[in-house]
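Next comes run-v1.cif, a file with mmCIF, C-alpha atoms.
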```
data_my_file
#
loop_
_atom_site.label_atom_id
_atom_site.label_comp_id
_atom_site.auth_asym_id
_atom_site.auth_seq_id
_atom_site.Cartn_x
_atom_site.Cartn_y
_atom_site.Cartn_z
CA MET V 1 130.74 -191.88 98.00
CA SER V 2 127.26 -192.09 96.58
CA THR V 3 126.59 -191.27 93.01
CA LEU V 4 124.33 -188.44 91.99
CA ASN V 5 121.43 -190.79 91.25
CA GLN V 6 121.75 -192.51 94.63
CA ILE V 7 121.78 -189.18 96.44
CA VAL V 8 118.71 -187.87 94.63
CA LYS V 9 116.81 -191.13 95.09
CA GLU V 10 117.56 -191.14 98.79
CA LEU V 11 116.47 -187.54 99.21
CA LEU V 12 113.17 -188.08 97.45
CA GLN V 13 112.47 -191.46 99.02
CA SER V 14 113.09 -190.25 102.54
CA GLY V 15 110.95 -187.23 101.90
CA LYS V 16 113.77 -184.97 102.98
CA VAL V 17 113.16 -182.69 100.01
CA SER V 18 109.95 -181.85 98.16
CA SER V 19 111.59 -181.99 94.73
CA ALA V 20 114.98 -182.13 93.08
CA ILE V 21 116.15 -179.99 90.16
CA GLY V 22 118.93 -181.42 88.01
CA TYR V 23 120.22 -182.18 84.53
CA ALA V 24 118.95 -184.99 82.33
CA GLU V 25 119.86 -186.23 78.86
CA GLY V 26 118.71 -183.88 76.18
CA THR V 27 116.83 -184.73 73.03
CA ILE V 28 119.95 -184.64 70.85
CA PRO V 29 123.61 -185.46 71.61
CA GLY V 30 125.45 -182.63 73.30
CA LYS V 31 122.31 -181.15 74.80
CA VAL V 32 120.97 -181.48 78.29
CA GLN V 33 117.53 -180.87 79.68
CA THR V 34 116.37 -179.84 83.08
CA ILE V 35 114.52 -182.35 85.19
CA ILE V 36 112.43 -181.46 88.20
CA ALA V 37 111.94 -184.76 89.98
CA LYS V 38 109.21 -185.32 92.50
CA THR V 39 109.35 -189.14 92.80
CA PRO V 40 112.33 -191.42 93.57
CA GLU V 41 111.83 -193.28 90.28
CA GLN V 42 112.84 -190.15 88.38
CA ALA V 43 116.22 -190.07 90.16
CA GLU V 44 117.81 -192.40 87.61
CA LYS V 45 117.43 -189.73 84.92
CA PHE V 46 119.88 -187.37 86.62
CA ILE V 47 123.21 -186.92 84.90
CA PHE V 48 126.22 -184.67 85.06
CA ASN V 49 128.71 -184.17 82.23
CA SER V 50 130.60 -181.40 80.47
CA PHE V 51 127.49 -180.34 78.57
CA CYS V 52 125.75 -179.31 81.76
CA VAL V 53 126.40 -175.61 81.26
CA ASN V 54 122.96 -174.34 82.40
CA ASN V 55 122.57 -172.60 85.73
CA LEU V 56 119.70 -174.38 87.46
CA VAL V 57 119.49 -171.83 90.26
CA THR V 58 117.36 -169.66 87.99
CA TYR V 59 114.50 -172.07 88.63
CA LEU V 60 114.51 -171.22 92.31
CA THR V 61 113.38 -167.66 91.67
CA ARG V 62 110.83 -168.26 88.97
CA GLY V 63 107.67 -168.81 90.91
CA PHE V 64 108.96 -172.07 92.28
CA LYS V 65 107.19 -173.03 95.47
CA LEU V 66 109.86 -172.50 98.07
CA THR V 67 107.43 -171.68 100.80
CA GLY V 68 106.67 -175.32 101.58
CA GLU V 69 108.00 -177.00 104.70
CA LYS V 70 110.59 -179.07 102.90
CA PRO V 71 113.60 -177.73 101.04
CA VAL V 72 114.17 -178.12 97.30
CA ALA V 73 117.28 -179.94 96.16
CA VAL V 74 119.27 -178.47 93.29
CA VAL V 75 122.35 -179.72 91.45
CA VAL V 76 124.98 -176.99 91.28
CA LYS V 77 128.44 -176.46 89.89
CA GLY V 78 130.85 -174.01 91.49
CA CYS V 79 129.59 -171.06 89.44
CA ASP V 80 125.97 -171.91 90.17
CA ALA V 81 126.61 -172.12 93.91
CA ARG V 82 127.61 -168.45 93.80
CA SER V 83 124.13 -167.62 92.52
CA ILE V 84 122.59 -169.35 95.53
CA ILE V 85 124.84 -167.39 97.88
CA ALA V 86 123.94 -164.15 96.09
CA LEU V 87 120.23 -164.92 96.42
CA ILE V 88 120.65 -165.62 100.12
CA GLN V 89 122.50 -162.31 100.48
CA GLU V 90 119.49 -160.56 99.00
CA ASN V 91 116.95 -162.43 101.13
CA GLN V 92 115.37 -164.23 98.21
CA LEU V 93 116.18 -167.60 99.75
CA THR V 94 117.16 -168.92 103.12
CA ARG V 95 119.90 -171.51 103.39
CA GLU V 96 117.37 -173.98 104.81
CA GLN V 97 115.10 -173.74 101.77
CA VAL V 98 117.71 -175.25 99.48
CA TYR V 99 119.43 -178.59 99.69
CA ILE V 100 122.57 -178.06 97.66
CA ILE V 101 123.88 -181.06 95.74
CA GLY V 102 127.29 -179.82 94.71
CA VAL V 103 129.16 -181.43 91.82
CA ALA V 104 132.88 -181.24 91.24
CA CYS V 105 133.16 -179.81 87.75
CA ASN V 106 136.04 -179.88 85.26
CA GLY V 107 134.68 -177.23 82.98
CA VAL V 108 131.67 -177.18 80.68
CA LYS V 109 131.19 -176.61 77.00
CA ASP V 110 129.42 -173.78 75.26
CA LYS V 111 126.98 -174.19 72.37
CA ASP V 112 129.81 -174.61 69.84
CA GLY V 113 131.35 -177.44 71.84
CA ASN V 114 134.36 -175.40 72.98
CA GLU V 115 135.32 -174.77 76.58
CA ALA V 116 132.96 -172.11 77.90
CA VAL V 117 134.51 -168.66 78.35
CA LYS V 118 133.61 -168.63 82.03
CA CYS V 119 135.67 -171.79 82.60
CA ARG V 120 138.92 -170.28 81.38
CA ALA V 121 139.67 -168.36 84.55
CA CYS V 122 137.57 -170.48 86.91
CA GLN V 123 138.77 -170.89 90.46
CA SER V 124 135.64 -172.62 91.76
CA HIS V 125 135.61 -176.07 90.22
CA THR V 126 134.31 -177.28 93.58
CA PRO V 127 131.22 -175.44 94.86
CA ALA V 128 131.97 -173.19 97.82
CA VAL V 129 128.82 -174.32 99.60
CA TYR V 130 126.98 -177.63 99.47
CA ASP V 131 125.07 -180.09 101.58
CA THR V 132 126.56 -183.04 99.77
CA LEU V 133 129.29 -183.25 97.14
CA VAL V 134 129.33 -185.57 94.14
CA GLY V 135 132.86 -186.31 92.97
CA GLU V 136 136.18 -185.49 94.55
CA PRO V 137 137.03 -181.85 95.33
CA VAL V 138 139.07 -180.48 92.42
CA GLU V 139 142.43 -178.90 93.12
CA GLU V 140 142.44 -175.40 91.68
CA LYS V 141 145.19 -174.68 89.21
CA PRO V 142 146.56 -171.15 89.51
CA VAL V 143 145.17 -168.91 86.83
CA ASN V 144 146.69 -165.70 85.57
CA PRO V 145 144.28 -162.99 86.76
CA ALA V 146 144.89 -161.09 83.54
CA GLU V 147 143.27 -163.99 81.69
CA ALA V 148 139.99 -163.40 83.42
CA PHE V 149 139.51 -159.87 82.11
CA LYS V 150 141.34 -160.11 78.81
CA ASP V 151 138.25 -159.46 76.69
CA VAL V 152 137.17 -156.52 78.85
CA GLU V 153 140.64 -155.00 78.63
CA LYS V 154 140.61 -155.30 74.85
CA LEU V 155 137.53 -153.10 74.81
CA GLU V 156 138.96 -150.71 77.38
CA SER V 157 141.97 -150.12 75.17
CA MET V 158 139.73 -148.81 72.38
CA SER V 159 138.81 -145.15 72.16
CA VAL V 160 135.45 -143.90 73.37
CA SER V 161 134.04 -143.50 69.88
CA GLU V 162 135.32 -146.95 68.87
CA ARG V 163 133.48 -148.43 71.81
CA TRP V 164 130.34 -146.51 70.85
CA GLU V 165 130.56 -147.99 67.34
CA PHE V 166 131.22 -151.47 68.71
CA TRP V 167 128.35 -151.54 71.13
CA ASN V 168 125.79 -149.94 68.88
CA LYS V 169 126.65 -152.40 66.17
CA GLU V 170 126.10 -155.23 68.63
CA PHE V 171 122.89 -153.73 69.99
CA GLU V 172 121.50 -153.37 66.48
CA LYS V 173 121.12 -157.15 66.58
CA CYS V 174 119.08 -157.06 69.77
CA ILE V 175 115.45 -157.99 69.26
CA ARG V 176 114.46 -157.34 72.89
CA CYS V 177 113.41 -160.89 73.56
CA TYR V 178 114.70 -160.50 77.14
CA ALA V 179 116.10 -164.01 77.14
CA CYS V 180 119.09 -162.55 78.97
CA ARG V 181 116.80 -161.31 81.68
CA GLN V 182 114.83 -164.54 81.93
CA ALA V 183 117.95 -166.71 82.09
CA CYS V 184 119.56 -164.70 84.86
CA PRO V 185 119.13 -166.09 88.38
CA LEU V 186 119.40 -162.59 89.82
CA CYS V 187 116.76 -161.01 87.62
CA TYR V 188 113.91 -161.94 89.91
CA CYS V 189 111.92 -158.70 90.00
CA GLU V 190 108.25 -159.46 89.62
CA ARG V 191 107.90 -156.39 87.50
CA CYS V 192 110.93 -155.34 85.53
CA VAL V 193 111.54 -151.65 84.97
CA VAL V 194 111.65 -152.18 81.24
CA ASP V 195 108.04 -153.38 81.26
CA LYS V 196 106.83 -150.25 83.01
CA THR V 197 104.74 -148.10 80.72
CA THR V 198 103.38 -145.32 82.91
CA PRO V 199 105.83 -143.67 82.57
CA GLN V 200 107.99 -145.53 80.15
CA TRP V 201 111.62 -145.36 81.19
CA ILE V 202 113.10 -147.54 78.51
CA ASP V 203 111.88 -147.49 74.95
CA SER V 204 110.45 -150.93 74.30
CA SER V 205 110.88 -151.33 70.56
CA ALA V 206 113.87 -153.14 69.08
CA HIS V 207 115.41 -149.86 68.02
CA PRO V 208 118.97 -148.71 68.74
CA VAL V 209 118.03 -146.06 71.29
CA GLY V 210 115.93 -148.41 73.42
CA ASN V 211 118.39 -151.26 73.00
CA LEU V 212 121.24 -149.14 74.35
CA SER V 213 119.10 -148.02 77.26
CA TRP V 214 118.00 -151.59 78.03
CA HIS V 215 121.53 -152.97 78.07
CA ILE V 216 122.78 -150.11 80.22
CA THR V 217 119.90 -150.84 82.58
CA ARG V 218 120.59 -154.57 82.71
CA ALA V 219 124.29 -154.07 83.30
CA PHE V 220 123.76 -151.47 86.00
CA HIS V 221 121.01 -153.36 87.82
CA LEU V 222 123.34 -156.35 87.98
CA ALA V 223 126.40 -154.35 89.05
CA GLY V 224 127.80 -155.92 92.18
CA ARG V 225 125.23 -158.71 91.93
CA CYS V 226 126.24 -160.69 88.87
CA THR V 227 128.05 -163.91 89.76
CA GLY V 228 129.36 -164.60 86.27
CA CYS V 229 127.42 -167.75 85.40
CA GLY V 230 127.30 -166.66 81.75
CA GLU V 231 123.68 -167.64 81.22
CA CYS V 232 122.74 -164.29 79.71
CA GLU V 233 125.29 -164.56 76.95
CA ARG V 234 124.46 -168.19 76.38
CA ALA V 235 120.75 -167.42 76.13
CA CYS V 236 121.21 -164.62 73.63
CA HIS V 237 120.60 -166.09 70.23
CA GLN V 238 121.78 -162.94 68.53
CA ASN V 239 125.27 -163.60 69.92
CA ILE V 240 125.64 -160.25 71.62
CA PRO V 241 128.65 -160.35 74.00
CA LEU V 242 126.58 -159.50 77.06
CA GLY V 243 129.11 -161.02 79.43
CA LEU V 244 131.50 -158.16 78.67
CA LEU V 245 129.18 -155.61 80.25
CA ASN V 246 128.69 -157.68 83.39
CA LYS V 247 132.38 -158.47 83.65
CA LYS V 248 133.27 -154.81 83.37
CA MET V 249 130.88 -154.02 86.21
CA SER V 250 132.35 -156.82 88.36
CA LYS V 251 135.80 -155.47 87.68
CA GLU V 252 134.84 -151.94 88.72
CA ILE V 253 132.98 -153.13 91.80
CA PHE V 254 136.01 -155.14 92.89
CA LYS V 255 138.40 -152.30 92.12
CA ASN V 256 136.41 -149.73 94.06
CA PHE V 257 134.88 -151.74 96.88
CA GLY V 258 136.86 -154.97 97.06
CA TYR V 259 133.68 -157.00 96.75
CA ARG V 260 132.79 -160.11 94.78
CA ALA V 261 129.20 -161.24 94.44
CA GLY V 262 128.26 -164.70 95.65
CA LYS V 263 131.24 -165.21 97.93
CA ASP V 264 130.08 -164.42 101.42
CA MET V 265 126.51 -165.11 102.50
CA ASN V 266 126.62 -162.39 105.11
CA ALA V 267 128.16 -159.64 103.03
CA LYS V 268 126.05 -156.67 102.02
CA PRO V 269 126.00 -155.84 98.31
CA PRO V 270 128.14 -152.72 97.81
CA LEU V 271 125.51 -150.55 96.17
CA THR V 272 123.17 -150.96 99.15
CA GLU V 273 125.56 -149.21 101.46
CA PHE V 274 128.30 -146.61 101.47
CA LYS V 275 131.42 -145.57 103.31
CA ILE V 276 132.16 -142.01 104.26
CA GLU V 277 135.63 -142.34 102.84
CA ASP V 278 134.45 -143.53 99.38
CA LYS V 279 136.53 -142.12 96.57
CA GLU V 280 135.35 -138.97 94.87
CA GLU V 281 138.04 -137.77 92.52
CA PHE V 282 135.61 -137.21 89.69
CA ILE V 283 133.45 -134.78 91.68
CA ARG V 284 133.79 -131.12 90.83
CA MET S 1 122.09 -108.00 65.36
CA PRO S 2 122.77 -108.21 69.11
CA GLU S 3 125.92 -110.18 69.94
CA GLU S 4 124.53 -111.79 73.08
CA ASN S 5 121.34 -113.09 71.51
CA ILE S 6 120.76 -116.67 72.64
CA ASN S 7 119.05 -117.34 69.35
CA SER S 8 122.11 -116.29 67.41
CA LYS S 9 122.64 -118.95 64.82
CA LYS S 10 126.34 -118.23 64.76
CA GLU S 11 127.25 -120.48 67.64
CA PHE S 12 126.15 -123.89 68.77
CA GLN S 13 124.03 -123.56 71.91
CA PRO S 14 124.12 -126.77 73.90
CA ALA S 15 121.23 -128.14 75.91
CA ILE S 16 122.46 -129.08 79.36
CA ALA S 17 120.29 -131.05 81.76
CA ALA S 18 121.04 -130.57 85.43
CA PHE S 19 119.60 -132.87 88.10
CA VAL S 20 120.01 -131.09 91.40
CA CYS S 21 119.02 -131.66 94.96
CA THR S 22 116.48 -129.31 96.53
CA TRP S 23 118.28 -128.51 99.73
CA CYS S 24 121.74 -127.60 98.56
CA THR S 25 122.35 -127.14 94.88
CA TYR S 26 118.92 -125.82 93.97
CA THR S 27 119.12 -123.32 96.82
CA GLY S 28 122.63 -122.45 95.71
CA ALA S 29 121.40 -121.85 92.19
CA ASP S 30 118.61 -119.72 93.63
CA LEU S 31 121.22 -117.72 95.51
CA ALA S 32 123.09 -117.17 92.25
CA GLY S 33 119.84 -115.80 90.88
CA THR S 34 119.04 -113.48 93.76
CA SER S 35 122.63 -112.26 93.72
CA ARG S 36 122.07 -111.36 90.06
CA LEU S 37 125.07 -113.41 88.99
CA LYS S 38 125.19 -113.85 85.24
CA TYR S 39 125.79 -117.32 83.91
CA GLU S 40 125.17 -119.22 80.72
CA PRO S 41 121.47 -119.87 80.11
CA ASN S 42 121.88 -123.27 78.48
CA VAL S 43 121.20 -125.26 81.60
CA ARG S 44 117.78 -126.74 82.35
CA ILE S 45 117.53 -127.39 86.05
CA MET S 46 115.48 -130.29 87.34
CA ARG S 47 114.91 -130.29 91.03
CA LEU S 48 114.82 -133.53 93.02
CA PRO S 49 114.60 -133.94 96.77
CA CYS S 50 118.05 -135.49 96.94
CA THR S 51 120.79 -136.83 94.68
CA GLY S 52 120.09 -140.16 96.32
CA ARG S 53 116.81 -140.26 94.45
CA ILE S 54 118.52 -139.95 91.13
CA ASP S 55 118.08 -143.05 89.04
CA TYR S 56 120.71 -143.64 86.38
CA ASN S 57 117.70 -143.81 84.01
CA LEU S 58 117.23 -140.07 84.31
CA ILE S 59 120.69 -139.44 82.95
CA VAL S 60 120.19 -141.83 80.05
CA LYS S 61 116.77 -140.34 79.28
CA ALA S 62 118.19 -136.84 79.27
CA LEU S 63 120.78 -137.91 76.72
CA GLU S 64 118.08 -139.67 74.68
CA LYS S 65 115.96 -136.56 74.59
CA GLY S 66 118.75 -134.46 73.16
CA ALA S 67 120.85 -133.19 76.06
CA ASP S 68 124.41 -132.45 75.04
CA GLY S 69 125.60 -132.56 78.63
CA VAL S 70 124.24 -133.80 81.93
CA LEU S 71 125.15 -132.47 85.34
CA VAL S 72 124.24 -134.08 88.65
CA SER S 73 124.76 -131.91 91.69
CA GLY S 74 124.06 -132.29 95.38
CA CYS S 75 125.06 -131.56 98.93
CA HIS S 76 128.60 -131.97 100.17
CA PRO S 77 129.32 -135.15 102.12
CA ASN S 78 127.86 -135.00 105.63
CA ASP S 79 125.56 -132.16 104.63
CA CYS S 80 122.80 -134.22 103.07
CA HIS S 81 119.38 -133.19 104.26
CA TYR S 82 118.43 -136.86 104.41
CA ASN S 83 121.74 -137.84 106.02
CA ALA S 84 123.15 -140.26 103.47
CA GLY S 85 121.50 -139.75 100.08
CA ASN S 86 124.52 -138.13 98.56
CA PHE S 87 126.76 -140.96 99.77
CA HIS S 88 124.60 -143.48 97.96
CA ALA S 89 124.56 -141.31 94.86
CA ARG S 90 128.33 -141.02 94.99
CA ARG S 91 128.74 -144.80 95.10
CA ARG S 92 126.27 -145.38 92.30
CA PHE S 93 127.85 -142.73 90.15
CA THR S 94 131.33 -144.17 90.71
CA ILE S 95 130.16 -147.36 89.02
CA PHE S 96 127.71 -145.84 86.56
CA ARG S 97 130.22 -143.51 84.98
CA GLU S 98 132.46 -146.51 84.28
CA LEU S 99 129.56 -148.19 82.54
CA LEU S 100 128.87 -145.10 80.43
CA ASN S 101 132.53 -144.86 79.51
CA PHE S 102 132.61 -148.54 78.61
CA VAL S 103 129.59 -148.23 76.35
CA GLY S 104 131.18 -145.33 74.52
CA ILE S 105 129.71 -142.18 76.03
CA ASP S 106 132.22 -139.40 76.60
CA LEU S 107 132.42 -138.79 80.33
CA ARG S 108 133.19 -135.13 79.79
CA ARG S 109 129.51 -134.82 78.98
CA VAL S 110 128.26 -136.35 82.24
CA GLN S 111 129.52 -134.64 85.37
CA PHE S 112 128.91 -134.76 89.09
CA SER S 113 129.44 -131.94 91.56
CA TRP S 114 128.86 -130.85 95.15
CA VAL S 115 127.34 -127.39 95.41
CA SER S 116 126.04 -126.18 98.73
CA ALA S 117 123.24 -123.72 99.41
CA ALA S 118 125.74 -120.94 100.05
CA GLU S 119 127.76 -121.55 96.90
CA GLY S 120 125.84 -119.43 94.41
CA ALA S 121 129.08 -118.25 92.88
CA LYS S 122 130.34 -121.80 92.54
CA TRP S 123 127.15 -122.76 90.73
CA ALA S 124 127.47 -119.89 88.27
CA ASP S 125 131.12 -120.70 87.74
CA LEU S 126 130.41 -124.41 87.32
CA ILE S 127 127.71 -123.79 84.72
CA ASN S 128 129.90 -121.38 82.80
CA LYS S 129 132.78 -123.84 82.75
CA PHE S 130 130.63 -126.82 81.88
CA THR S 131 128.79 -124.95 79.12
CA SER S 132 132.02 -123.87 77.50
CA GLU S 133 133.35 -127.43 77.73
CA ILE S 134 130.25 -128.76 76.01
CA LYS S 135 130.41 -126.02 73.39
CA GLU S 136 133.90 -127.19 72.62
CA LEU S 137 132.83 -130.83 72.43
CA GLY S 138 129.99 -129.88 70.17
CA PRO S 139 126.50 -131.36 70.01
CA PHE S 140 126.09 -134.97 71.05
CA THR S 141 125.37 -136.00 67.48
CA GLU S 142 126.05 -139.68 68.09
CA TYR S 143 123.21 -139.93 70.55
CA LYS S 144 120.97 -137.64 68.57
CA LYS S 145 121.46 -139.81 65.50
CA LEU S 146 120.55 -142.85 67.56
CA SER S 147 117.41 -141.44 69.08
CA GLY S 148 116.36 -139.52 66.01
CA VAL S 149 116.15 -136.21 67.85
CA SER S 150 115.73 -134.01 64.83
CA PHE S 151 118.46 -131.47 64.94
CA PRO S 152 120.24 -131.52 61.61
CA ILE S 153 123.36 -129.88 63.01
CA GLU S 154 125.62 -131.04 60.22
CA GLU S 155 123.35 -129.74 57.55
CA PHE S 156 122.81 -126.42 59.28
CA ASP S 157 124.85 -123.68 57.78
CA PHE S 158 126.11 -121.39 60.50
CA SER S 159 128.07 -119.13 58.20
CA GLU S 160 127.45 -115.41 58.39
CA GLU S 161 126.39 -115.02 54.79
CA THR S 162 123.67 -117.63 55.01
CA VAL S 163 122.39 -116.31 58.32
CA GLU S 164 122.25 -112.73 57.10
CA ALA S 165 120.62 -113.78 53.88
CA SER S 166 117.94 -115.71 55.74
CA GLU S 167 117.18 -112.76 57.93
CA LYS S 168 116.53 -110.30 55.11
#
```

Is it possible to express this structure as structure tokens?
Amino acid sequence: MSTLNQIVKELLQSGKVSSAIGYAEGTIPGKVQTIIAKTPEQAEKFIFNSFCVNNLVTYLTRGFKLTGEKPVAVVVKGCDARSIIALIQENQLTREQVYIIGVACNGVKDKDGNEAVKCRACQSHTPAVYDTLVGEPVEEKPVNPAEAFKDVEKLESMSVSERWEFWNKEFEKCIRCYACRQACPLCYCERCVVDKTTPQWIDSSAHPVGNLSWHITRAFHLAGRCTGCGECERACHQNIPLGLLNKKMSKEIFKNFGYRAGKDMNAKPPLTEFKIEDKEEFIR
Amino acid sequence: MPEENINSKKEFQPAIAAFVCTWCTYTGADLAGTSRLKYEPNVRIMRLPCTGRIDYNLIVKALEKGADGVLVSGCHPNDCHYNAGNFHARRRFTIFRELLNFVGIDLRRVQFSWVSAAEGAKWADLINKFTSEIKELGPFTEYKKLSGVSFPIEEFDFSEETVEASEK
């Protein structure tokens, strides 16, 4: 089986892809950088190790030229592959526009060097979709489903006013840098609702009322679409536990509609459709 | 002093925002009016073409601007003027109310109902019930504190002596 570098070199040399997005050594130990290679000589810089926590799929929606004739190659882990599937579901990409270099992953580290939270309950160490796989497919160890939502359940067990206190204390830290939005592969709107000023829906200053509104917006706009790559929480330098909001939404979406984002390329996101027999116990 | 005076400082008067659809609930509310049904005046009705147009942002904005309760009301399933707007709204609300609950907003303050054009009585009844529920919950001081809506409820003295003294 070819190594990652051989695969990338071959792709670029043969002209099969226009460019390849992958991980390269960072400037300091324990950090990785992104590399967007256009020539075969750059292929030797590609690496993959447990520090490769970034989701490179975000690059595909940020003004990257996907309209060319040739596809773009991208190195993905199992969690990242879900983002590609989600983008295809929403017609932001076609399968042919991406050449997926899947890597078998054994978990990645967060910024403190500990196992990333998203890896604890991971069942996709091998990407679900790929054009070529680097490494042997990993056998999934059974994971207690309760593990996956432990942190959400902790919050759910609090009272309503305790949650209000918790979240507003967290949101006080928010400086509205929108790093969470920029890091998210599914936040591809050319013009985000929060930037709209005529009329202004969400208060733009870093003030509690606007912060609450912004985070409600972000969570709700990603409901049923978030694939749990954890980039938002990783990007937040104020250490706000953003993943909890997205996880809660995923939990509710699954509970009510039996749907998981980024699983099936042909599935329709649940909030774009309806069923006549949808539950309505809360309606008066 | 008249007992029924809305401006009576003796009791907390909530501000309730209602987002209703034109074709069913608004018409139903209109029917309540033409039938001369009496119901609590605390509700501010905002008419939209359909509940399907309702953006969750509207609910959050209403709370930001000082609403103590928010009501969303539309056509019964299969009666939507635009065929499926209310179905979409129902799905969105199923998820959105969980988000509100998770973030710490009391769901008793944000309610969803189906009121048809013929249900004037149901509308009046719904508003009466909802208003009394909100009166019991009290003003949404947490949100008002956050957004700085100036309504110094805690400092306001509702006692009879103070009110009478201020009116002399």

Closest of V:Tyr130, V:Tyr178, V:Trp164, V:Phe254 to chain S, counting only C-alpha atoms, is V:Trp164

Report as an MDAnalysis selection string all protein, DNA and RNA residues lying within 8 Å of Ser205 (chain V), evaluated on all atoms listed in the file, omitting residues in the same chain fewer than 5 positions from it. chainID V and resid 176 210:211

Expected file contents, prior selection, C-alpha atoms, as a compact mmCIF listing (two decimals), keeping the file's coordinate frame:
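So out.txt came out as:
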```txt
# COMPACT_ATOMS: atom_id res chain seq x y z
CA ARG V 176 114.46 -157.34 72.89
CA GLY V 210 115.93 -148.41 73.42
CA ASN V 211 118.39 -151.26 73.00
```

message = Using all atoms listed in the file and a distance of at most 9 Å, pull out the residues of chain S that contact chain V, as an MDAnalysis selection string.
response = chainID S and resid 56:58 60:61 64 77:78 84 87:88 90:92 94:96 98:106 111:115 126 142:143 146:148

Requested write-out: C-alpha atoms of the selected residues, as a compact mmCIF listing (two decimals), keeping the file's coordinate frame:
```txt
# COMPACT_ATOMS: atom_id res chain seq x y z
CA TYR S 56 120.71 -143.64 86.38
CA ASN S 57 117.70 -143.81 84.01
CA LEU S 58 117.23 -140.07 84.31
CA VAL S 60 120.19 -141.83 80.05
CA LYS S 61 116.77 -140.34 79.28
CA GLU S 64 118.08 -139.67 74.68
CA PRO S 77 129.32 -135.15 102.12
CA ASN S 78 127.86 -135.00 105.63
CA ALA S 84 123.15 -140.26 103.47
CA PHE S 87 126.76 -140.96 99.77
CA HIS S 88 124.60 -143.48 97.96
CA ARG S 90 128.33 -141.02 94.99
CA ARG S 91 128.74 -144.80 95.10
CA ARG S 92 126.27 -145.38 92.30
CA THR S 94 131.33 -144.17 90.71
CA ILE S 95 130.16 -147.36 89.02
CA PHE S 96 127.71 -145.84 86.56
CA GLU S 98 132.46 -146.51 84.28
CA LEU S 99 129.56 -148.19 82.54
CA LEU S 100 128.87 -145.10 80.43
CA ASN S 101 132.53 -144.86 79.51
CA PHE S 102 132.61 -148.54 78.61
CA VAL S 103 129.59 -148.23 76.35
CA GLY S 104 131.18 -145.33 74.52
CA ILE S 105 129.71 -142.18 76.03
CA ASP S 106 132.22 -139.40 76.60
CA GLN S 111 129.52 -134.64 85.37
CA PHE S 112 128.91 -134.76 89.09
CA SER S 113 129.44 -131.94 91.56
CA TRP S 114 128.86 -130.85 95.15
CA VAL S 115 127.34 -127.39 95.41
CA LEU S 126 130.41 -124.41 87.32
CA GLU S 142 126.05 -139.68 68.09
CA TYR S 143 123.21 -139.93 70.55
CA LEU S 146 120.55 -142.85 67.56
CA SER S 147 117.41 -141.44 69.08
CA GLY S 148 116.36 -139.52 66.01
```

One residue among V:Leu186, V:Leu11, V:Val129, V:Ile21 is nearest to Thr61 (chain V) when using only C-alpha atoms, and that residue is V:Leu186

- prompt: Near Val103 (chain V), within 8 Å and counting only C-alpha atoms, which residues show up once chain neighbours fewer than 5 positions away are dropped, as a ChimeraX atom specification?
  reply: /V:75-78,126-127,133-135

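Take CA of Gly69 (chain S) and CA of Arg109 (chain S): the distance between them is 4.5 Å.
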
| Can you list, as a PyMOL selection string, every protein, DNA or RNA residue that comes within 9 Å of region 9-18 of chain S when you count only C-alpha atoms, leaving out same-chain residues fewer than 6 positions away? | chain S and resi 42-47+59+62-63+66-73+130-131+134-135+138-140+153+157-160+163

Starting from the shown file, work through the PyMOL selection byres ((chain S and resi 25) around 7) and note down what comes out as number ranges by chain.
S: 20-24, 26-29, 73-75, 115-117

What would the file look like if the residues just selected were written as an mmCIF file, in the frame of the given file with C-alpha atoms?
```cif
data_model
loop_
_atom_site.group_PDB
_atom_site.id
_atom_site.type_symbol
_atom_site.label_atom_id
_atom_site.label_comp_id
_atom_site.auth_asym_id
_atom_site.auth_seq_id
_atom_site.Cartn_x
_atom_site.Cartn_y
_atom_site.Cartn_z
ATOM 1 C CA VAL S 20 120.010 -131.090 91.400
ATOM 2 C CA CYS S 21 119.020 -131.660 94.960
ATOM 3 C CA THR S 22 116.480 -129.310 96.530
ATOM 4 C CA TRP S 23 118.280 -128.510 99.730
ATOM 5 C CA CYS S 24 121.740 -127.600 98.560
ATOM 6 C CA TYR S 26 118.920 -125.820 93.970
ATOM 7 C CA THR S 27 119.120 -123.320 96.820
ATOM 8 C CA GLY S 28 122.630 -122.450 95.710
ATOM 9 C CA ALA S 29 121.400 -121.850 92.190
ATOM 10 C CA SER S 73 124.760 -131.910 91.690
ATOM 11 C CA GLY S 74 124.060 -132.290 95.380
ATOM 12 C CA CYS S 75 125.060 -131.560 98.930
ATOM 13 C CA VAL S 115 127.340 -127.390 95.410
ATOM 14 C CA SER S 116 126.040 -126.180 98.730
ATOM 15 C CA ALA S 117 123.240 -123.720 99.410
#
```

Q: For the structure shown, which residues end up in the PyMOL selection byres ((chain V and resi 148) around 12)? Put them as a PyMOL selection string, please?
A: chain V and resi 117-123+142-147+149-154+228+243-244+247-248+250-251
